[in-house]
>>> print(open('run-v7.cif').read())   # mmCIF, C-alpha atoms
data_structure
loop_
_atom_site.label_atom_id
_atom_site.label_comp_id
_atom_site.auth_asym_id
_atom_site.auth_seq_id
_atom_site.Cartn_x
_atom_site.Cartn_y
_atom_site.Cartn_z
CA MET A 352 0.00 0.00 0.00
CA SER A 353 1.38 3.39 -0.92
CA GLY A 354 -1.17 5.85 -2.31
CA VAL A 355 0.34 8.48 -4.59
CA SER A 356 3.99 7.47 -4.84
CA SER A 357 6.64 6.48 -7.38
CA ALA A 358 5.31 2.92 -7.18
CA ILE A 359 2.40 3.88 -9.48
CA ILE A 360 4.61 4.96 -12.40
CA ALA A 361 5.61 1.61 -13.92
CA PRO A 362 2.23 -0.18 -13.76
CA LEU A 363 0.40 2.91 -14.93
CA LEU A 364 2.63 3.46 -17.98
CA GLU A 365 2.52 -0.27 -18.83
CA TRP A 366 -1.30 -0.19 -18.72
CA TYR A 367 -1.37 2.99 -20.84
CA ASP A 368 0.93 1.42 -23.44
CA GLN A 369 -1.24 -1.67 -23.70
CA GLY A 370 -4.53 -0.03 -24.57
CA HIS A 371 -5.12 3.72 -24.35
CA ARG A 372 -7.77 5.32 -26.51
CA ASN A 373 -6.71 6.29 -30.04
CA LEU A 374 -7.55 10.00 -30.07
CA PRO A 375 -6.62 12.33 -32.97
CA TRP A 376 -4.62 14.75 -30.86
CA ARG A 377 -2.63 11.85 -29.42
CA ALA A 378 -1.84 10.46 -32.87
CA HIS A 379 -0.29 13.77 -33.93
CA PRO A 380 0.51 15.68 -30.73
CA THR A 381 1.72 18.97 -32.18
CA PRO A 382 1.63 21.85 -29.69
CA TYR A 383 -1.31 23.51 -31.49
CA ARG A 384 -3.37 20.30 -31.64
CA VAL A 385 -2.69 19.54 -27.97
CA TRP A 386 -3.65 23.08 -26.97
CA VAL A 387 -6.92 23.15 -28.94
CA SER A 388 -7.92 19.67 -27.73
CA GLU A 389 -7.26 20.53 -24.08
CA ILE A 390 -9.34 23.70 -24.30
CA MET A 391 -12.18 21.83 -26.00
CA LEU A 392 -12.05 19.06 -23.39
CA GLN A 393 -12.58 21.44 -20.48
CA GLN A 394 -16.05 20.63 -19.08
CA THR A 395 -16.77 18.50 -22.19
CA ARG A 396 -16.76 14.75 -22.86
CA VAL A 397 -14.25 13.28 -25.32
CA GLU A 398 -17.04 11.81 -27.45
CA ALA A 399 -18.57 15.25 -27.93
CA VAL A 400 -15.22 16.86 -28.81
CA LEU A 401 -14.10 14.48 -31.58
CA GLY A 402 -16.21 15.94 -34.38
CA TYR A 403 -15.57 19.51 -33.29
CA PHE A 404 -11.82 18.91 -33.22
CA ASP A 405 -11.74 17.50 -36.76
CA ARG A 406 -13.83 20.36 -38.17
CA TRP A 407 -11.70 22.92 -36.35
CA MET A 408 -8.44 21.52 -37.68
CA GLN A 409 -9.77 21.48 -41.22
CA ALA A 410 -10.88 25.10 -41.02
CA LEU A 411 -8.12 26.54 -38.79
CA PRO A 412 -5.10 24.22 -39.10
CA ASN A 413 -2.56 26.43 -37.33
CA ILE A 414 -2.11 29.41 -35.02
CA PRO A 415 -1.81 32.09 -37.75
CA SER A 416 -5.07 30.94 -39.35
CA LEU A 417 -6.84 31.15 -35.98
CA ALA A 418 -5.38 34.58 -35.25
CA ALA A 419 -6.59 35.87 -38.62
CA ALA A 420 -10.06 34.29 -38.43
CA ASP A 421 -13.21 36.39 -38.19
CA GLU A 422 -15.19 36.02 -35.00
CA ALA A 423 -18.13 34.53 -36.92
CA VAL A 424 -15.89 31.70 -38.18
CA TYR A 425 -14.44 30.48 -34.90
CA MET A 426 -17.67 31.05 -32.99
CA LYS A 427 -19.59 28.94 -35.52
CA LEU A 428 -16.99 26.18 -35.30
CA TRP A 429 -17.51 26.20 -31.52
CA GLU A 430 -21.31 26.31 -31.67
CA GLY A 431 -22.80 23.80 -29.22
CA LEU A 432 -19.62 23.20 -27.19
CA GLY A 433 -20.64 25.81 -24.63
CA TYR A 434 -18.48 27.86 -22.26
CA TYR A 435 -17.84 30.28 -25.12
CA SER A 436 -15.21 32.28 -23.25
CA ARG A 437 -12.91 29.35 -24.05
CA VAL A 438 -12.99 29.98 -27.80
CA ARG A 439 -12.64 33.74 -27.37
CA ASN A 440 -9.53 33.13 -25.26
CA LEU A 441 -8.18 30.73 -27.89
CA HIS A 442 -8.42 33.50 -30.46
CA ARG A 443 -6.92 36.12 -28.11
CA ALA A 444 -4.04 33.79 -27.31
CA ALA A 445 -3.44 33.08 -31.02
CA VAL A 446 -3.12 36.82 -31.65
CA VAL A 447 -0.62 37.08 -28.77
CA LEU A 448 1.34 34.11 -30.13
CA CYS A 449 1.59 35.72 -33.56
CA GLU A 450 2.69 39.03 -32.06
CA LYS A 451 5.21 37.70 -29.52
CA TYR A 452 6.20 34.17 -30.54
CA SER A 453 6.13 34.14 -34.36
CA GLY A 454 2.89 32.16 -34.43
CA ALA A 455 4.08 29.22 -32.31
CA LEU A 456 3.46 28.06 -28.75
CA PRO A 457 6.51 28.56 -26.49
CA ALA A 458 8.20 25.50 -25.01
CA ASP A 459 8.14 27.08 -21.57
CA TYR A 460 5.59 26.38 -18.80
CA LYS A 461 5.53 29.91 -17.36
CA GLU A 462 5.17 31.51 -20.77
CA LEU A 463 2.34 29.12 -21.64
CA LEU A 464 0.70 30.05 -18.35
CA SER A 465 0.72 33.73 -19.35
CA LEU A 466 -1.56 33.13 -22.37
CA PRO A 467 -5.28 34.02 -22.20
CA GLY A 468 -7.36 31.06 -21.07
CA VAL A 469 -4.38 28.86 -20.15
CA GLY A 470 -4.27 27.74 -16.53
CA GLU A 471 -1.97 25.42 -14.63
CA TYR A 472 -3.54 22.23 -15.98
CA THR A 473 -3.59 23.29 -19.63
CA ALA A 474 -0.06 24.69 -19.46
CA GLY A 475 1.12 21.44 -17.87
CA ALA A 476 -0.59 19.33 -20.53
CA ILE A 477 0.93 21.31 -23.41
CA ALA A 478 4.36 21.48 -21.81
CA SER A 479 4.53 17.75 -21.06
CA ILE A 480 2.72 16.22 -24.04
CA ALA A 481 3.91 18.53 -26.81
CA PHE A 482 7.34 19.51 -25.50
CA GLY A 483 8.35 16.68 -23.15
CA LEU A 484 8.77 18.97 -20.13
CA SER A 485 8.49 17.43 -16.67
CA VAL A 486 5.41 19.36 -15.54
CA PRO A 487 2.27 17.79 -14.03
CA ALA A 488 -1.20 18.28 -15.48
CA VAL A 489 -3.69 17.94 -12.64
CA ASP A 490 -7.38 18.20 -13.59
CA GLY A 491 -10.54 16.85 -11.97
CA ASN A 492 -9.85 13.33 -13.23
CA VAL A 493 -6.36 13.30 -11.73
CA LEU A 494 -7.56 14.81 -8.45
CA ARG A 495 -10.15 12.03 -8.19
CA VAL A 496 -7.49 9.37 -8.83
CA ALA A 497 -5.23 10.93 -6.21
CA ALA A 498 -8.02 11.14 -3.62
CA ARG A 499 -8.79 7.45 -4.02
CA LEU A 500 -5.15 6.38 -4.05
CA ASP A 501 -4.59 8.29 -0.81
CA ASN A 502 -7.97 7.55 0.79
CA ALA A 503 -8.13 11.33 1.26
CA ASP A 504 -10.85 12.90 3.40
CA THR A 505 -10.26 16.44 2.11
CA PRO A 506 -12.59 17.86 -0.57
CA ILE A 507 -10.79 17.91 -3.93
CA THR A 508 -12.12 21.44 -4.48
CA ASP A 509 -9.97 22.66 -1.60
CA ALA A 510 -7.27 24.98 -2.96
CA ALA A 511 -4.61 23.71 -0.57
CA TYR A 512 -5.36 20.10 -1.51
CA LYS A 513 -5.10 20.91 -5.22
CA LYS A 514 -1.76 22.63 -4.66
CA GLN A 515 -0.42 19.77 -2.55
CA THR A 516 -1.52 17.18 -5.12
CA ARG A 517 0.11 19.09 -7.95
CA GLU A 518 3.37 19.33 -5.99
CA ARG A 519 3.34 15.59 -5.25
CA PHE A 520 2.84 14.67 -8.90
CA ALA A 521 5.53 17.17 -9.91
CA ALA A 522 7.97 15.22 -7.76
CA LEU A 523 6.98 11.95 -9.47
CA MET A 524 7.22 12.97 -13.12
CA PRO A 525 9.33 10.46 -15.08
CA ALA A 526 11.86 12.56 -17.01
CA ASP A 527 11.74 10.31 -20.07
CA ARG A 528 7.90 10.16 -20.40
CA PRO A 529 6.21 13.09 -18.64
CA GLY A 530 3.52 13.51 -21.31
CA ASP A 531 2.63 9.82 -21.29
CA PHE A 532 2.51 9.78 -17.50
CA ASN A 533 0.10 12.73 -17.43
CA GLN A 534 -2.04 11.18 -20.14
CA ALA A 535 -2.05 7.83 -18.34
CA LEU A 536 -3.41 9.52 -15.21
CA MET A 537 -6.04 11.33 -17.31
CA GLU A 538 -6.94 8.07 -19.06
CA LEU A 539 -7.27 6.22 -15.78
CA GLY A 540 -9.64 8.84 -14.43
CA ALA A 541 -11.65 8.97 -17.65
CA THR A 542 -12.07 5.24 -18.27
CA VAL A 543 -11.51 3.30 -15.03
CA CYS A 544 -11.43 5.47 -11.91
CA LEU A 545 -14.81 6.93 -12.85
CA PRO A 546 -16.77 9.61 -10.97
CA ASN A 547 -20.06 9.37 -9.09
CA GLY A 548 -19.31 6.24 -7.09
CA THR A 549 -18.61 3.90 -10.01
CA PRO A 550 -14.85 3.15 -10.10
CA GLN A 551 -13.97 0.02 -12.06
CA CYS A 552 -11.46 -1.19 -9.49
CA SER A 553 -11.08 -4.66 -11.00
CA ALA A 554 -9.65 -3.08 -14.18
CA CYS A 555 -7.30 -0.69 -12.39
CA PRO A 556 -3.55 -1.17 -12.91
CA VAL A 557 -2.77 0.42 -9.55
CA GLN A 558 -5.51 -1.22 -7.48
CA HIS A 559 -2.86 -2.91 -5.31
CA LEU A 560 -1.49 0.53 -4.40
CA CYS A 561 -4.86 2.22 -3.77
CA LEU A 562 -5.58 2.99 -0.11
CA GLY A 563 -9.16 3.95 -0.91
CA TYR A 564 -9.75 0.48 -2.39
CA HIS A 565 -8.08 -1.33 0.49
CA HIS A 566 -10.13 0.59 3.05
CA GLY A 567 -13.34 -0.01 1.10
CA ASN A 568 -13.86 3.69 0.45
CA ALA A 569 -13.13 4.05 -3.30
CA ALA A 570 -16.76 4.41 -4.33
CA MET A 571 -17.35 7.08 -1.68
CA LEU A 572 -14.37 9.17 -2.71
CA PRO A 573 -13.55 11.90 -3.46
CA ILE A 574 -15.14 14.08 -0.82
CA ARG A 575 -16.82 17.10 -2.38
CA ALA A 576 -18.06 20.27 -0.80
CA ALA A 577 -21.82 20.72 -1.09
CA LYS A 578 -22.85 22.56 -4.26
CA LYS A 579 -25.14 25.53 -4.23
CA PRO A 580 -28.43 24.78 -5.99
CA ARG A 581 -28.77 26.11 -9.53
CA ARG A 582 -30.71 29.29 -10.02
CA ILE A 583 -33.93 28.70 -11.97
CA GLU A 584 -34.79 31.23 -14.70
CA ASN A 585 -38.09 31.08 -16.57
CA ARG A 586 -37.98 32.33 -20.16
CA THR A 587 -40.33 32.49 -23.12
CA VAL A 588 -38.51 31.95 -26.41
CA LEU A 589 -39.88 33.45 -29.63
CA LEU A 590 -39.29 31.79 -33.00
CA ALA A 591 -40.13 34.86 -35.07
CA ARG A 592 -40.64 34.52 -38.85
CA TRP A 593 -40.91 37.25 -41.46
CA GLY A 594 -41.64 35.46 -44.66
CA THR A 595 -39.11 32.64 -44.90
CA LEU A 596 -36.59 34.39 -42.61
CA VAL A 597 -35.92 33.89 -38.89
CA GLY A 598 -35.42 36.71 -36.39
CA ILE A 599 -32.36 36.67 -34.14
CA SER A 600 -30.62 39.18 -31.88
CA ARG A 601 -27.31 39.61 -30.06
CA ARG A 602 -26.99 38.91 -26.37
CA PRO A 603 -25.21 41.49 -24.17
CA GLU A 604 -21.41 41.53 -24.25
CA THR A 605 -21.22 40.47 -20.61
CA GLY A 606 -22.85 37.70 -18.63
CA LEU A 607 -24.18 34.30 -19.68
CA LEU A 608 -23.61 33.48 -23.40
CA ALA A 609 -22.06 36.92 -23.82
CA GLY A 610 -22.14 38.34 -27.33
CA LEU A 611 -23.74 35.28 -28.94
CA TRP A 612 -26.75 35.23 -31.23
CA GLU A 613 -30.06 34.11 -29.76
CA LEU A 614 -33.71 33.71 -30.46
CA PRO A 615 -35.48 36.67 -28.82
CA ALA A 616 -37.15 35.93 -25.49
CA LEU A 617 -39.33 37.36 -22.75
CA GLU A 618 -38.59 36.93 -19.07
CA GLY A 619 -40.86 34.60 -17.16
CA HIS A 620 -43.74 32.51 -18.46
CA PRO A 621 -46.44 34.99 -19.49
CA SER A 622 -49.71 33.51 -20.73
CA PRO A 623 -50.42 33.53 -24.49
CA ASP A 624 -52.58 36.65 -24.11
CA GLU A 625 -49.90 38.36 -21.99
CA THR A 626 -47.25 37.40 -24.56
CA ARG A 627 -49.32 38.84 -27.41
CA ALA A 628 -49.80 42.06 -25.46
CA ALA A 629 -46.06 42.32 -24.71
CA LEU A 630 -45.22 41.85 -28.39
CA ALA A 631 -47.82 44.41 -29.48
CA ALA A 632 -46.24 46.88 -27.06
CA ARG A 633 -42.92 46.29 -28.83
CA GLY A 634 -44.50 47.03 -32.18
CA TRP A 635 -44.66 43.46 -33.42
CA GLN A 636 -47.41 42.89 -36.00
CA VAL A 637 -48.34 39.30 -35.27
CA GLU A 638 -50.19 37.37 -37.98
CA LYS A 639 -49.79 33.83 -36.64
CA PHE A 640 -49.14 32.68 -33.08
CA LEU A 641 -48.63 29.03 -32.10
CA SER A 642 -47.34 27.36 -28.95
CA LEU A 643 -44.14 25.27 -29.10
CA ARG A 644 -43.15 22.40 -26.85
CA PRO A 645 -41.46 23.57 -23.61
CA ALA A 646 -37.76 22.82 -23.08
CA LYS A 647 -35.09 23.29 -20.48
CA HIS A 648 -31.34 23.82 -20.62
CA ILE A 649 -28.87 23.40 -17.77
CA PHE A 650 -25.81 25.58 -17.45
CA THR A 651 -23.27 25.22 -14.64
CA HIS A 652 -25.07 27.51 -12.19
CA VAL A 653 -28.33 28.33 -13.98
CA GLU A 654 -31.22 26.30 -15.36
CA TRP A 655 -33.44 27.81 -18.06
CA ARG A 656 -37.03 26.56 -18.12
CA MET A 657 -38.42 27.70 -21.43
CA ASN A 658 -41.81 28.01 -23.02
CA GLY A 659 -41.87 28.87 -26.71
CA TYR A 660 -44.03 30.38 -29.44
CA TYR A 661 -43.87 30.27 -33.21
CA ILE A 662 -44.77 33.69 -34.56
CA GLU A 663 -45.29 34.94 -38.11
CA LEU A 664 -44.97 38.70 -38.58
CA ALA A 665 -46.38 41.12 -41.13
CA ALA A 666 -43.26 43.31 -40.95
CA PRO A 667 -39.77 43.10 -39.40
CA PRO A 668 -39.75 44.77 -35.96
CA GLU A 669 -36.85 46.84 -34.61
CA GLY A 670 -34.18 45.05 -32.63
CA LEU A 671 -33.99 41.87 -34.72
CA ILE A 672 -32.10 40.86 -37.81
CA PHE A 673 -33.72 38.32 -40.12
CA VAL A 674 -31.71 35.54 -41.73
CA SER A 675 -32.52 32.46 -43.77
CA PRO A 676 -32.65 29.06 -42.05
CA THR A 677 -29.62 28.05 -44.13
CA SER A 678 -27.63 31.08 -42.96
CA LEU A 679 -28.68 30.42 -39.38
CA ARG A 680 -27.37 26.87 -39.70
CA THR A 681 -24.08 27.71 -41.42
CA GLU A 682 -23.05 31.24 -40.44
CA TYR A 683 -24.42 32.23 -37.03
CA ALA A 684 -23.34 30.72 -33.71
CA LEU A 685 -26.55 29.95 -31.84
CA PRO A 686 -26.22 28.33 -28.39
CA SER A 687 -27.61 24.82 -28.08
CA ALA A 688 -30.18 26.03 -25.54
CA PHE A 689 -32.29 27.25 -28.47
CA ARG A 690 -32.08 24.11 -30.60
CA PRO A 691 -35.34 22.53 -29.34
CA PHE A 692 -37.26 25.47 -30.83
CA LEU A 693 -35.67 25.18 -34.27
CA SER A 694 -37.08 21.76 -35.12
CA VAL A 695 -40.02 23.31 -37.01
CA ILE A 696 -37.67 24.92 -39.53
CA GLU A 697 -34.93 22.27 -39.75
CA GLU A 698 -36.22 20.95 -43.06
CA GLU A 699 -35.91 24.43 -44.57
CA ALA A 700 -32.17 24.73 -43.78
#
>>> encode(input="run-v7.cif", output="structure tokens")
Amino acid sequence: MSGVSSAIIAPLLEWYDQGHRNLPWRAHPTPYRVWVSEIMLQQTRVEAVLGYFDRWMQALPNIPSLAAADEAVYMKLWEGLGYYSRVRNLHRAAVVLCEKYSGALPADYKELLSLPGVGEYTAGAIASIAFGLSVPAVDGNVLRVAARLDNADTPITDAAYKKQTRERFAALMPADRPGDFNQALMELGATVCLPNGTPQCSACPVQHLCLGYHHGNAAMLPIRAAKKPRRIENRTVLLARWGTLVGISRRPETGLLAGLWELPALEGHPSPDETRAALAARGWQVEKFLSLRPAKHIFTHVEWRMNGYYIELAAPPEGLIFVSPTSLRTEYALPSAFRPFLSVIEEEA
């Protein structure tokens, strides 16, 4: 029994060599590909990222092409991945890299850490995987593995615990394979040492070293601080049509989904008559008004509960721009929260 110690290195790397997932950024781990994949994978499952990654690399194959891209291009490529500040920071960082580093990522952990949107984990992943530097990459998966190995009773969200764990893994990094060691830890957390009380201990290459397993606590770990309940927001989404076109508007430049396109909406769940009155007060000339199926969308701290209406207008009201269904599908980044209300026009796109 040892918990997090040098004893985990050999069995973990042997297990990783025998059967890790074949992912596109692992097959060709250039610094740019590693960077983009790690940003996409934040808060997002690997299965969801695969298609996005391939489309991104076809459209923006290198840092100069990203730096030169129009906002509409990279936002559309990101559409549906969520946490849109990530893609804005990717673009900002690409501009910095072209200005200061000749369009290439620096092979230096501290310089990587200075880039917009790059924290300790991402900098460690790029430094170790792309450049072979002995730097740990400690994310939620790795923290969970460490908590179970150590039978730790400290919440993994605790800042001091995160710092201590990072320092311990830094001391263990094998100089000849730091990137593989980090990826092996990530792989273990993603495929075997699973969250929510379901670790696959019988498949774990370091089960014999895991104090959580030996004490019968693996499924109960890690300890997490209680989460605050999500805030519930009621909204009424309007699928507004003027002829064959669809009305959209820009969200504010700050706050949730900042600066993205959206279907217009009213706060709360007004009745149909109240909704009609609110639209008339805005100057909307409604010719057709139909209810749509309700939907909900969960963000990290907020849950939208949405009613919806399909509305045909006699004239375009102020405050909206009207685009074709095809343009909406191919040119405008619309958050996935609004997708349930677009099903009635999908065949037109």
>>> closest_residue(input="run-v7.cif", among="A:Glu584, A:Glu538, A:Glu638, A:Glu682", to="Asp421 (chain A)", atoms="all atoms listed in the file")
A:Glu682
>>> residues_around(input="run-v7.cif", residues="Ala666 (chain A)", least_positions_apart="6", cutoff="8 Å", atoms="all atoms listed in the file", output="JSON, numbers by chain")
{"A": [593, 635, 636]}
>>> resolve_selection(input="run-v7.cif", expression="the PyMOL selection byres ((chain A and resi 503-512) around 8)", output="mmCIF file with C-alpha atoms, in the coordinates of the input")
data_model
loop_
_atom_site.group_PDB
_atom_site.id
_atom_site.type_symbol
_atom_site.label_atom_id
_atom_site.label_comp_id
_atom_site.auth_asym_id
_atom_site.auth_seq_id
_atom_site.Cartn_x
_atom_site.Cartn_y
_atom_site.Cartn_z
ATOM 1 C CA LEU A 494 -7.560 14.810 -8.450
ATOM 2 C CA ARG A 495 -10.150 12.030 -8.190
ATOM 3 C CA ALA A 498 -8.020 11.140 -3.620
ATOM 4 C CA ARG A 499 -8.790 7.450 -4.020
ATOM 5 C CA LEU A 500 -5.150 6.380 -4.050
ATOM 6 C CA ASP A 501 -4.590 8.290 -0.810
ATOM 7 C CA ASN A 502 -7.970 7.550 0.790
ATOM 8 C CA LYS A 513 -5.100 20.910 -5.220
ATOM 9 C CA LYS A 514 -1.760 22.630 -4.660
ATOM 10 C CA GLN A 515 -0.420 19.770 -2.550
ATOM 11 C CA THR A 516 -1.520 17.180 -5.120
ATOM 12 C CA GLY A 563 -9.160 3.950 -0.910
ATOM 13 C CA LEU A 572 -14.370 9.170 -2.710
ATOM 14 C CA PRO A 573 -13.550 11.900 -3.460
ATOM 15 C CA ILE A 574 -15.140 14.080 -0.820
ATOM 16 C CA ARG A 575 -16.820 17.100 -2.380
ATOM 17 C CA ALA A 576 -18.060 20.270 -0.800
#
>>> closest_residue(input="run-v7.cif", among="A:Arg602, A:Val493, A:Leu614, A:Ser388", to="Ser687 (chain A)", atoms="only C-alpha atoms")
A:Leu614
>>> atom_distance(input="run-v7.cif", atom1="CA of Gly468 (chain A)", atom2="CA of Leu417 (chain A)")
14.9 Å
>>> resolve_selection(input="run-v7.cif", expression="the PyMOL selection byres ((chain A and resi 643-657) around 7)", output="ChimeraX atom specification")
/A:581-588,641-642,658-661,688,691
>>> axis_aligned_box(input="run-v7.cif", around="region 667-685 of chain A", padding_each_side="6 Å", output="lines of an AutoDock Vina configuration file")
center_x = -31.4
center_y = 36.9
center_z = -38.0
size_x = 28.7
size_y = 32.0
size_z = 24.3
>>> residues_around(input="run-v7.cif", residues="Ala418 (chain A)", least_positions_apart="6", cutoff="12 Å", atoms="all atoms listed in the file", output="short mmCIF file (atom, residue, chain, number, x, y, z; two decimals) with C-alpha atoms, in the coordinates of the input")
data_model
loop_
_atom_site.label_atom_id
_atom_site.label_comp_id
_atom_site.auth_asym_id
_atom_site.auth_seq_id
_atom_site.Cartn_x
_atom_site.Cartn_y
_atom_site.Cartn_z
CA LEU A 411 -8.12 26.54 -38.79
CA PRO A 412 -5.10 24.22 -39.10
CA VAL A 424 -15.89 31.70 -38.18
CA TYR A 425 -14.44 30.48 -34.90
CA VAL A 438 -12.99 29.98 -27.80
CA ARG A 439 -12.64 33.74 -27.37
CA ASN A 440 -9.53 33.13 -25.26
CA LEU A 441 -8.18 30.73 -27.89
CA HIS A 442 -8.42 33.50 -30.46
CA ARG A 443 -6.92 36.12 -28.11
CA ALA A 444 -4.04 33.79 -27.31
CA ALA A 445 -3.44 33.08 -31.02
CA VAL A 446 -3.12 36.82 -31.65
CA VAL A 447 -0.62 37.08 -28.77
CA LEU A 448 1.34 34.11 -30.13
CA CYS A 449 1.59 35.72 -33.56
CA GLU A 450 2.69 39.03 -32.06
CA SER A 453 6.13 34.14 -34.36
CA GLY A 454 2.89 32.16 -34.43
CA ALA A 455 4.08 29.22 -32.31
#
>>> residues_around(input="run-v7.cif", residues="Pro362 (chain A)", least_positions_apart="3", cutoff="10 Å", atoms="all atoms listed in the file", output="ChimeraX atom specification")
/A:358-359,365-368,555-557
>>> resolve_selection(input="run-v7.cif", expression="the PyMOL selection byres ((chain A and resi 597) around 8)", output="MDAnalysis selection string")
chainID A and resid 590:593 595:596 598:599 673:676
>>> write_last_selection(input="run-v7.cif", atoms="C-alpha atoms", output="compact mmCIF listing (two decimals), in the coordinates of the input")
# COMPACT_ATOMS: atom_id res chain seq x y z
CA LEU A 590 -39.29 31.79 -33.00
CA ALA A 591 -40.13 34.86 -35.07
CA ARG A 592 -40.64 34.52 -38.85
CA TRP A 593 -40.91 37.25 -41.46
CA THR A 595 -39.11 32.64 -44.90
CA LEU A 596 -36.59 34.39 -42.61
CA GLY A 598 -35.42 36.71 -36.39
CA ILE A 599 -32.36 36.67 -34.14
CA PHE A 673 -33.72 38.32 -40.12
CA VAL A 674 -31.71 35.54 -41.73
CA SER A 675 -32.52 32.46 -43.77
CA PRO A 676 -32.65 29.06 -42.05
>>> closest_residue(input="run-v7.cif", among="A:Met571, A:Val486, A:Ala474, A:Leu607", to="Asn533 (chain A)", atoms="all atoms listed in the file")
A:Val486
>>> atom_distance(input="run-v7.cif", atom1="CA of Gly370 (chain A)", atom2="CA of Asp490 (chain A)")
21.5 Å
>>> residues_around(input="run-v7.cif", residues="Val543 (chain A)", least_positions_apart="2", cutoff="9 Å", atoms="only C-alpha atoms", output="ChimeraX atom specification")
/A:538-541,545,549-555
>>> atom_distance(input="run-v7.cif", atom1="CA of Met408 (chain A)", atom2="CA of Arg384 (chain A)")
8.0 Å
>>> closest_residue(input="run-v7.cif", among="A:Gln558, A:Thr542, A:Thr473, A:Val637", to="Glu663 (chain A)", atoms="all atoms listed in the file")
A:Val637
>>> closest_residue(input="run-v7.cif", among="A:Cys544, A:Ala361, A:Ala419, A:Ile414", to="Tyr564 (chain A)", atoms="all atoms listed in the file")
A:Cys544
>>> closest_residue(input="run-v7.cif", among="A:Leu523, A:Val385, A:Leu685, A:Leu630", to="Ile480 (chain A)", atoms="all atoms listed in the file")
A:Val385
